[in-house]
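Have a look at final-v8.tsv; it's TSV, N, CA and C atoms:
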chain	number	residue	atom	x	y	z
F	1	TRP	N	-12.55	5.95	4.33
F	1	TRP	CA	-11.89	6.66	3.25
F	1	TRP	C	-10.82	7.60	3.80
F	2	LEU	N	-11.08	8.17	4.96
F	2	LEU	CA	-10.10	9.09	5.53
F	2	LEU	C	-8.80	8.37	5.86
F	3	LEU	N	-8.91	7.13	6.36
F	3	LEU	CA	-7.70	6.39	6.68
F	3	LEU	C	-6.92	6.02	5.42
F	4	LEU	N	-7.62	5.85	4.30
F	4	LEU	CA	-6.92	5.57	3.05
F	4	LEU	C	-6.19	6.81	2.55
F	5	MET	N	-6.71	7.99	2.88
F	5	MET	CA	-6.07	9.21	2.44
F	5	MET	C	-4.84	9.52	3.29
F	6	TRP	N	-4.88	9.14	4.56
F	6	TRP	CA	-3.75	9.36	5.47
F	6	TRP	C	-3.38	8.04	6.12
F	7	PRO	N	-2.68	7.15	5.38
F	7	PRO	CA	-2.40	5.81	5.90
F	7	PRO	C	-1.41	5.78	7.06
F	8	GLU	N	-0.75	6.89	7.35
F	8	GLU	CA	0.20	6.89	8.46
F	8	GLU	C	-0.52	6.80	9.81
F	9	ARG	N	-1.84	6.97	9.83
F	9	ARG	CA	-2.61	6.86	11.08
F	9	ARG	C	-2.63	5.42	11.58
F	10	LEU	N	-2.61	4.46	10.66
F	10	LEU	CA	-2.56	3.04	11.01
F	10	LEU	C	-1.32	2.44	10.37
F	11	PRO	N	-0.64	1.53	11.04
F	11	PRO	CA	0.60	0.98	10.49
F	11	PRO	C	0.37	-0.11	9.43
F	12	LEU	N	-0.81	-0.17	8.85
F	12	LEU	CA	-1.12	-1.22	7.88
F	12	LEU	C	-0.76	-0.84	6.45
F	13	GLY	N	-0.74	0.43	6.14
F	13	GLY	CA	-0.56	0.86	4.76
F	13	GLY	C	-1.91	0.82	4.05
F	14	ARG	N	-1.98	1.38	2.88
F	14	ARG	CA	-3.24	1.44	2.14
F	14	ARG	C	-3.82	0.06	1.82
F	15	PRO	N	-3.03	-0.89	1.33
F	15	PRO	CA	-3.62	-2.20	1.01
F	15	PRO	C	-4.23	-2.88	2.24
F	16	GLY	N	-3.53	-2.84	3.34
F	16	GLY	CA	-4.04	-3.47	4.56
F	16	GLY	C	-5.29	-2.79	5.07
F	17	ILE	N	-5.31	-1.45	5.03
F	17	ILE	CA	-6.48	-0.71	5.48
F	17	ILE	C	-7.68	-1.06	4.61
F	18	ALA	N	-7.48	-1.13	3.30
F	18	ALA	CA	-8.59	-1.45	2.39
F	18	ALA	C	-9.15	-2.84	2.68
F	19	VAL	N	-8.29	-3.82	2.88
F	19	VAL	CA	-8.76	-5.19	3.14
F	19	VAL	C	-9.46	-5.28	4.49
F	20	VAL	N	-8.88	-4.69	5.52
F	20	VAL	CA	-9.47	-4.76	6.86
F	20	VAL	C	-10.86	-4.13	6.88
F	21	PHE	N	-10.98	-2.93	6.34
F	21	PHE	CA	-12.27	-2.27	6.40
F	21	PHE	C	-13.29	-2.85	5.42
F	22	ALA	N	-12.85	-3.42	4.32
F	22	ALA	CA	-13.79	-4.13	3.44
F	22	ALA	C	-14.33	-5.36	4.17
F	23	SER	N	-13.48	-6.05	4.92
F	23	SER	CA	-13.92	-7.21	5.70
F	23	SER	C	-14.90	-6.78	6.79
F	24	ILE	N	-14.63	-5.66	7.43
F	24	ILE	CA	-15.54	-5.17	8.47
F	24	ILE	C	-16.90	-4.84	7.88
F	25	VAL	N	-16.93	-4.18	6.74
F	25	VAL	CA	-18.19	-3.83	6.09
F	25	VAL	C	-18.95	-5.09	5.70
F	26	CYS	N	-18.27	-6.08	5.15
F	26	CYS	CA	-18.93	-7.33	4.78
F	26	CYS	C	-19.48	-8.04	6.02
F	27	GLY	N	-18.73	-8.02	7.11
F	27	GLY	CA	-19.20	-8.63	8.35
F	27	GLY	C	-20.40	-7.90	8.92
F	28	MET	N	-20.38	-6.58	8.88
F	28	MET	CA	-21.51	-5.81	9.39
F	28	MET	C	-22.75	-6.05	8.53
F	29	ARG	N	-22.54	-6.20	7.26
F	29	ARG	CA	-23.68	-6.48	6.36
F	29	ARG	C	-24.31	-7.82	6.71
F	30	GLY	N	-23.48	-8.78	7.05
F	30	GLY	CA	-24.00	-10.10	7.43
F	30	GLY	C	-24.73	-10.06	8.76
F	31	MET	N	-24.29	-9.23	9.69
F	31	MET	CA	-24.93	-9.14	11.00
F	31	MET	C	-26.20	-8.28	10.98
F	32	ALA	N	-26.41	-7.53	9.93
F	32	ALA	CA	-27.55	-6.62	9.86
F	32	ALA	C	-28.87	-7.35	9.67
F	33	GLY	N	-28.84	-8.62	9.47
F	33	GLY	CA	-30.08	-9.37	9.35
F	33	GLY	C	-30.43	-9.72	7.92
F	34	SER	N	-29.77	-9.12	6.97
F	34	SER	CA	-30.03	-9.46	5.57
F	34	SER	C	-28.74	-9.97	4.96
F	35	PRO	N	-28.38	-11.19	5.31
F	35	PRO	CA	-27.10	-11.69	4.77
F	35	PRO	C	-27.18	-11.88	3.26
F	36	VAL	N	-26.37	-11.16	2.60
F	36	VAL	CA	-26.27	-11.25	1.15
F	36	VAL	C	-25.02	-12.06	0.84
F	37	GLN	N	-25.09	-12.84	-0.17
F	37	GLN	CA	-23.92	-13.60	-0.58
F	37	GLN	C	-22.91	-12.62	-1.17
F	38	VAL	N	-22.17	-11.96	-0.29
F	38	VAL	CA	-21.28	-10.88	-0.67
F	38	VAL	C	-20.23	-11.35	-1.68
F	39	PHE	N	-19.62	-12.47	-1.38
F	39	PHE	CA	-18.51	-12.91	-2.21
F	39	PHE	C	-18.95	-13.45	-3.56
F	40	SER	N	-20.22	-13.80	-3.70
F	40	SER	CA	-20.69	-14.24	-5.02
F	40	SER	C	-20.90	-13.05	-5.95
F	41	LYS	N	-20.97	-11.86	-5.41
F	41	LYS	CA	-21.19	-10.65	-6.21
F	41	LYS	C	-19.90	-9.90	-6.51
F	42	ILE	N	-18.78	-10.42	-6.05
F	42	ILE	CA	-17.50	-9.74	-6.22
F	42	ILE	C	-16.63	-10.53	-7.20
F	43	ASP	N	-16.11	-9.84	-8.19
F	43	ASP	CA	-15.15	-10.46	-9.11
F	43	ASP	C	-13.76	-10.28	-8.50
F	44	PRO	N	-13.11	-11.36	-8.08
F	44	PRO	CA	-11.85	-11.21	-7.34
F	44	PRO	C	-10.65	-10.83	-8.20
F	45	ASP	N	-10.71	-11.02	-9.50
F	45	ASP	CA	-9.53	-10.75	-10.33
F	45	ASP	C	-9.06	-9.30	-10.29
F	46	PRO	N	-9.95	-8.32	-10.55
F	46	PRO	CA	-9.44	-6.93	-10.49
F	46	PRO	C	-9.04	-6.52	-9.08
F	47	ILE	N	-9.73	-7.05	-8.08
F	47	ILE	CA	-9.37	-6.71	-6.71
F	47	ILE	C	-7.99	-7.26	-6.38
F	48	ALA	N	-7.73	-8.49	-6.78
F	48	ALA	CA	-6.42	-9.08	-6.52
F	48	ALA	C	-5.32	-8.32	-7.27
F	49	LEU	N	-5.61	-7.92	-8.51
F	49	LEU	CA	-4.63	-7.15	-9.29
F	49	LEU	C	-4.31	-5.82	-8.62
F	50	LEU	N	-5.34	-5.07	-8.26
F	50	LEU	CA	-5.12	-3.77	-7.64
F	50	LEU	C	-4.48	-3.90	-6.26
F	51	PHE	N	-4.86	-4.93	-5.50
F	51	PHE	CA	-4.24	-5.16	-4.20
F	51	PHE	C	-2.75	-5.46	-4.37
F	52	GLY	N	-2.42	-6.29	-5.34
F	52	GLY	CA	-1.02	-6.60	-5.60
F	52	GLY	C	-0.25	-5.37	-6.05
F	53	LEU	N	-0.87	-4.54	-6.89
F	53	LEU	CA	-0.21	-3.32	-7.34
F	53	LEU	C	0.04	-2.37	-6.18
F	54	MET	N	-0.93	-2.26	-5.27
F	54	MET	CA	-0.74	-1.39	-4.12
F	54	MET	C	0.36	-1.92	-3.20
F	55	LEU	N	0.43	-3.24	-3.04
F	55	LEU	CA	1.49	-3.83	-2.22
F	55	LEU	C	2.86	-3.56	-2.81
F	56	VAL	N	2.99	-3.82	-4.10
F	56	VAL	CA	4.28	-3.59	-4.77
F	56	VAL	C	4.66	-2.12	-4.70
F	57	ASN	N	3.69	-1.24	-4.95
F	57	ASN	CA	3.93	0.20	-4.90
F	57	ASN	C	4.39	0.62	-3.50
F	58	ASN	N	3.75	0.08	-2.48
F	58	ASN	CA	4.10	0.42	-1.10
F	58	ASN	C	5.52	-0.05	-0.76
F	59	TYR	N	5.86	-1.27	-1.13
F	59	TYR	CA	7.19	-1.80	-0.83
F	59	TYR	C	8.28	-1.08	-1.62
F	60	LEU	N	8.02	-0.77	-2.87
F	60	LEU	CA	9.02	-0.06	-3.66
F	60	LEU	C	9.21	1.38	-3.17
F	61	ARG	N	8.16	1.97	-2.64
F	61	ARG	CA	8.30	3.30	-2.05
F	61	ARG	C	9.22	3.23	-0.82
F	62	ASP	N	9.08	2.16	-0.05
F	62	ASP	CA	9.93	2.00	1.14
F	62	ASP	C	11.40	1.80	0.77
F	63	THR	N	11.68	1.27	-0.41
F	63	THR	CA	13.07	1.06	-0.82
F	63	THR	C	13.73	2.34	-1.32
F	64	GLY	N	12.94	3.37	-1.60
F	64	GLY	CA	13.50	4.62	-2.08
F	64	GLY	C	13.54	4.71	-3.59
F	65	LEU	N	12.96	3.74	-4.28
F	65	LEU	CA	12.98	3.75	-5.74
F	65	LEU	C	12.21	4.94	-6.30
F	66	TRP	N	11.11	5.32	-5.65
F	66	TRP	CA	10.31	6.42	-6.17
F	66	TRP	C	11.02	7.75	-5.99
F	67	LYS	N	11.86	7.87	-4.98
F	67	LYS	CA	12.66	9.09	-4.84
F	67	LYS	C	13.66	9.20	-5.98
F	68	GLN	N	14.24	8.07	-6.39
F	68	GLN	CA	15.14	8.07	-7.54
F	68	GLN	C	14.39	8.46	-8.81
F	69	LEU	N	13.19	7.91	-8.94
F	69	LEU	CA	12.36	8.22	-10.11
F	69	LEU	C	11.99	9.71	-10.11
F	70	ALA	N	11.70	10.26	-8.94
F	70	ALA	CA	11.37	11.68	-8.85
F	70	ALA	C	12.56	12.55	-9.24
F	71	ARG	N	13.76	12.09	-8.92
F	71	ARG	CA	14.97	12.84	-9.32
F	71	ARG	C	15.12	12.86	-10.84
F	72	VAL	N	14.75	11.76	-11.48
F	72	VAL	CA	14.84	11.70	-12.95
F	72	VAL	C	13.83	12.66	-13.58
F	73	ILE	N	12.63	12.70	-13.03
F	73	ILE	CA	11.56	13.51	-13.60
F	73	ILE	C	11.74	14.99	-13.28
F	74	ASP	N	12.28	15.30	-12.13
F	74	ASP	CA	12.35	16.68	-11.64
F	74	ASP	C	13.16	17.58	-12.57
F	75	ASP	N	12.63	18.78	-12.78
F	75	ASP	CA	13.31	19.77	-13.60
F	75	ASP	C	12.81	21.15	-13.21
F	76	GLU	N	13.64	22.15	-13.39
F	76	GLU	CA	13.26	23.53	-13.06
F	76	GLU	C	12.16	24.03	-13.99
F	77	ALA	N	12.28	23.70	-15.27
F	77	ALA	CA	11.30	24.17	-16.25
F	77	ALA	C	10.10	23.23	-16.28
F	78	PRO	N	8.89	23.75	-16.14
F	78	PRO	CA	7.71	22.89	-16.14
F	78	PRO	C	7.52	22.11	-17.43
F	79	VAL	N	7.85	22.72	-18.56
F	79	VAL	CA	7.68	22.02	-19.84
F	79	VAL	C	8.61	20.81	-19.93
F	80	ARG	N	9.86	20.98	-19.51
F	80	ARG	CA	10.79	19.85	-19.52
F	80	ARG	C	10.36	18.77	-18.54
F	81	MET	N	9.79	19.17	-17.41
F	81	MET	CA	9.30	18.20	-16.45
F	81	MET	C	8.13	17.40	-17.01
F	82	ILE	N	7.25	18.06	-17.76
F	82	ILE	CA	6.14	17.36	-18.40
F	82	ILE	C	6.67	16.38	-19.46
F	83	VAL	N	7.66	16.82	-20.24
F	83	VAL	CA	8.24	15.94	-21.26
F	83	VAL	C	8.91	14.74	-20.61
F	84	LYS	N	9.65	14.97	-19.54
F	84	LYS	CA	10.29	13.85	-18.83
F	84	LYS	C	9.25	12.90	-18.25
F	85	THR	N	8.17	13.46	-17.73
F	85	THR	CA	7.11	12.62	-17.19
F	85	THR	C	6.48	11.78	-18.30
F	86	CYS	N	6.27	12.36	-19.46
F	86	CYS	CA	5.72	11.61	-20.60
F	86	CYS	C	6.66	10.48	-21.00
F	87	LEU	N	7.95	10.77	-21.06
F	87	LEU	CA	8.91	9.75	-21.46
F	87	LEU	C	9.00	8.61	-20.45
F	88	VAL	N	9.05	8.95	-19.18
F	88	VAL	CA	9.10	7.92	-18.14
F	88	VAL	C	7.82	7.11	-18.14
F	89	SER	N	6.68	7.78	-18.31
F	89	SER	CA	5.40	7.08	-18.36
F	89	SER	C	5.32	6.14	-19.55
F	90	ALA	N	5.81	6.59	-20.70
F	90	ALA	CA	5.80	5.74	-21.89
F	90	ALA	C	6.70	4.52	-21.71
F	91	LEU	N	7.87	4.74	-21.14
F	91	LEU	CA	8.80	3.63	-20.91
F	91	LEU	C	8.21	2.63	-19.91
F	92	MET	N	7.64	3.14	-18.82
F	92	MET	CA	7.06	2.24	-17.83
F	92	MET	C	5.82	1.51	-18.37
F	93	SER	N	5.03	2.20	-19.20
F	93	SER	CA	3.85	1.54	-19.79
F	93	SER	C	4.25	0.45	-20.76
F	94	ALA	N	5.42	0.60	-21.39
F	94	ALA	CA	5.90	-0.46	-22.28
F	94	ALA	C	6.34	-1.69	-21.49
F	95	LEU	N	6.81	-1.48	-20.28
F	95	LEU	CA	7.30	-2.59	-19.47
F	95	LEU	C	6.22	-3.18	-18.56
F	96	PHE	N	5.34	-2.34	-18.04
F	96	PHE	CA	4.33	-2.77	-17.07
F	96	PHE	C	2.94	-2.45	-17.59
F	97	LEU	N	1.94	-2.79	-16.81
F	97	LEU	CA	0.57	-2.40	-17.13
F	97	LEU	C	0.41	-0.89	-16.94
F	98	ASN	N	-0.51	-0.31	-17.67
F	98	ASN	CA	-0.76	1.12	-17.53
F	98	ASN	C	-1.27	1.45	-16.13
F	99	ASP	N	-2.04	0.52	-15.53
F	99	ASP	CA	-2.52	0.74	-14.16
F	99	ASP	C	-1.34	0.89	-13.21
F	100	THR	N	-0.34	0.05	-13.37
F	100	THR	CA	0.84	0.11	-12.52
F	100	THR	C	1.56	1.44	-12.70
F	101	THR	N	1.71	1.84	-13.94
F	101	THR	CA	2.39	3.10	-14.23
F	101	THR	C	1.68	4.27	-13.58
F	102	CYS	N	0.36	4.31	-13.70
F	102	CYS	CA	-0.40	5.42	-13.11
F	102	CYS	C	-0.33	5.40	-11.59
F	103	MET	N	-0.41	4.21	-10.99
F	103	MET	CA	-0.35	4.12	-9.53
F	103	MET	C	1.03	4.51	-9.00
F	104	VAL	N	2.06	4.28	-9.79
F	104	VAL	CA	3.42	4.58	-9.35
F	104	VAL	C	3.76	6.05	-9.57
F	105	LEU	N	3.47	6.55	-10.76
F	105	LEU	CA	3.90	7.90	-11.11
F	105	LEU	C	3.05	9.00	-10.49
F	106	THR	N	1.78	8.75	-10.25
F	106	THR	CA	0.91	9.81	-9.73
F	106	THR	C	1.41	10.38	-8.41
F	107	PRO	N	1.73	9.54	-7.39
F	107	PRO	CA	2.25	10.13	-6.15
F	107	PRO	C	3.56	10.88	-6.35
F	108	CYS	N	4.43	10.35	-7.21
F	108	CYS	CA	5.71	11.03	-7.47
F	108	CYS	C	5.49	12.41	-8.08
F	109	VAL	N	4.62	12.45	-9.08
F	109	VAL	CA	4.38	13.71	-9.78
F	109	VAL	C	3.68	14.71	-8.87
F	110	LEU	N	2.71	14.25	-8.07
F	110	LEU	CA	2.03	15.16	-7.15
F	110	LEU	C	2.99	15.71	-6.10
F	111	GLU	N	3.90	14.87	-5.64
F	111	GLU	CA	4.89	15.33	-4.67
F	111	GLU	C	5.81	16.38	-5.29
F	112	LEU	N	6.24	16.12	-6.53
F	112	LEU	CA	7.10	17.10	-7.20
F	112	LEU	C	6.36	18.42	-7.45
F	113	CYS	N	5.09	18.32	-7.83
F	113	CYS	CA	4.31	19.54	-8.05
F	113	CYS	C	4.15	20.32	-6.75
F	114	ALA	N	3.97	19.62	-5.64
F	114	ALA	CA	3.86	20.31	-4.35
F	114	ALA	C	5.18	20.97	-3.98
F	115	GLU	N	6.30	20.28	-4.23
F	115	GLU	CA	7.61	20.87	-3.94
F	115	GLU	C	7.88	22.09	-4.80
F	116	ARG	N	7.47	22.03	-6.06
F	116	ARG	CA	7.69	23.14	-6.99
F	116	ARG	C	6.61	24.21	-6.89
F	117	ARG	N	5.61	23.96	-6.06
F	117	ARG	CA	4.47	24.86	-5.89
F	117	ARG	C	3.82	25.19	-7.23
F	118	ALA	N	3.55	24.14	-7.98
F	118	ALA	CA	2.89	24.30	-9.28
F	118	ALA	C	1.47	24.79	-9.07
F	119	ARG	N	1.06	25.75	-9.87
F	119	ARG	CA	-0.29	26.29	-9.75
F	119	ARG	C	-1.33	25.31	-10.26
F	120	LYS	N	-0.97	24.58	-11.30
F	120	LYS	CA	-1.90	23.59	-11.87
F	120	LYS	C	-1.18	22.25	-11.97
F	121	VAL	N	-1.80	21.22	-11.48
F	121	VAL	CA	-1.20	19.88	-11.54
F	121	VAL	C	-1.80	19.05	-12.66
F	122	LEU	N	-2.92	19.49	-13.22
F	122	LEU	CA	-3.58	18.69	-14.26
F	122	LEU	C	-2.69	18.38	-15.46
F	123	PRO	N	-1.91	19.31	-16.00
F	123	PRO	CA	-1.04	18.96	-17.12
F	123	PRO	C	-0.03	17.87	-16.75
F	124	PHE	N	0.45	17.90	-15.54
F	124	PHE	CA	1.42	16.89	-15.12
F	124	PHE	C	0.75	15.53	-14.96
F	125	LEU	N	-0.49	15.52	-14.44
F	125	LEU	CA	-1.20	14.25	-14.31
F	125	LEU	C	-1.63	13.70	-15.66
F	126	LEU	N	-1.93	14.57	-16.59
F	126	LEU	CA	-2.24	14.11	-17.95
F	126	LEU	C	-1.00	13.51	-18.60
F	127	ALA	N	0.16	14.02	-18.27
F	127	ALA	CA	1.41	13.46	-18.80
F	127	ALA	C	1.62	12.06	-18.26
F	128	VAL	N	1.17	11.79	-17.06
F	128	VAL	CA	1.29	10.45	-16.50
F	128	VAL	C	0.43	9.46	-17.27
F	129	SER	N	-0.78	9.88	-17.61
F	129	SER	CA	-1.71	8.96	-18.26
F	129	SER	C	-1.39	8.81	-19.73

What does this structure look like when you write it as structure tokens?
Amino acid sequence: WLLLMWPERLPLGRPGIAVVFASIVCGMRGMAGSPVQVFSKIDPDPIALLFGLMLVNNYLRDTGLWKQLARVIDDEAPVRMIVKTCLVSALMSALFLNDTTCMVLTPCVLELCAERRARKVLPFLLAVS
């Protein structure tokens, strides 16, 4: 979990770290003497969806798109920033899945709140959802 929180420690990014360590855990479970049919208990559809969303999010962050999005949302007044976040979130939710919108906007909003030294981030995160 720590590597997922600070993915710069490994050059894999969050999706790669999640897959590698999930594979390690499944392998260790098999070597422990009680091999469970691990893959029969896993529904691959949500995992594939979230993995794809993390990949797209990671690549789009590398292109600088999220910095552009942060510039659109950023404002001196917290109320205007919340309104802009709501509008961007609504627009993105109309175009994409809500999961995608939350995965994309949450890091942007948290970064902006850290830059602005916001005392409370919960209103901004509620605007994302």

Measuring atom to atom with only C-alpha atoms, identify which of F:Met54, F:Ser129, F:Ser40, F:Cys113 is nearest to F:Ala77.
F:Cys113

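Atom to atom, atom CA of F:Met103 and atom C of F:Leu50 stand 9.6 Å apart.
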
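Reported to one decimal place, the separation of atom CA of F:Ser89 from atom C of F:Thr101 is 6.7 Å.
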
Of F:Gly27, F:Ala94, F:Pro15, F:Met81, the one sitting nearest F:Asn58 when using all atoms listed in the file is F:Pro15

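Computed from the coordinates, the atom CA of F:Leu126 to atom CA of F:Leu97 distance equals 16.8 Å.
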
Here's a test: counting only C-alpha atoms, identify every protein, DNA and RNA residue with an atom at most 12 Å from (3.8, -0.1, -5.1) in the file's coordinate frame, and state them as a ChimeraX atom specification.
/F:13-15,49-66,99-108

Per-residue DSSP, chain F, filtered to alpha helix (DSSP H), as a ChimeraX atom specification:
/F:2-5,13-31,44-63,65-73,78-95,98-116,122-128

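Using all atoms listed in the file, the shortest contact distance between F:Val109 and any of F:Thr85, F:Asp45, F:Met92, F:Ala22 is found at F:Thr85.
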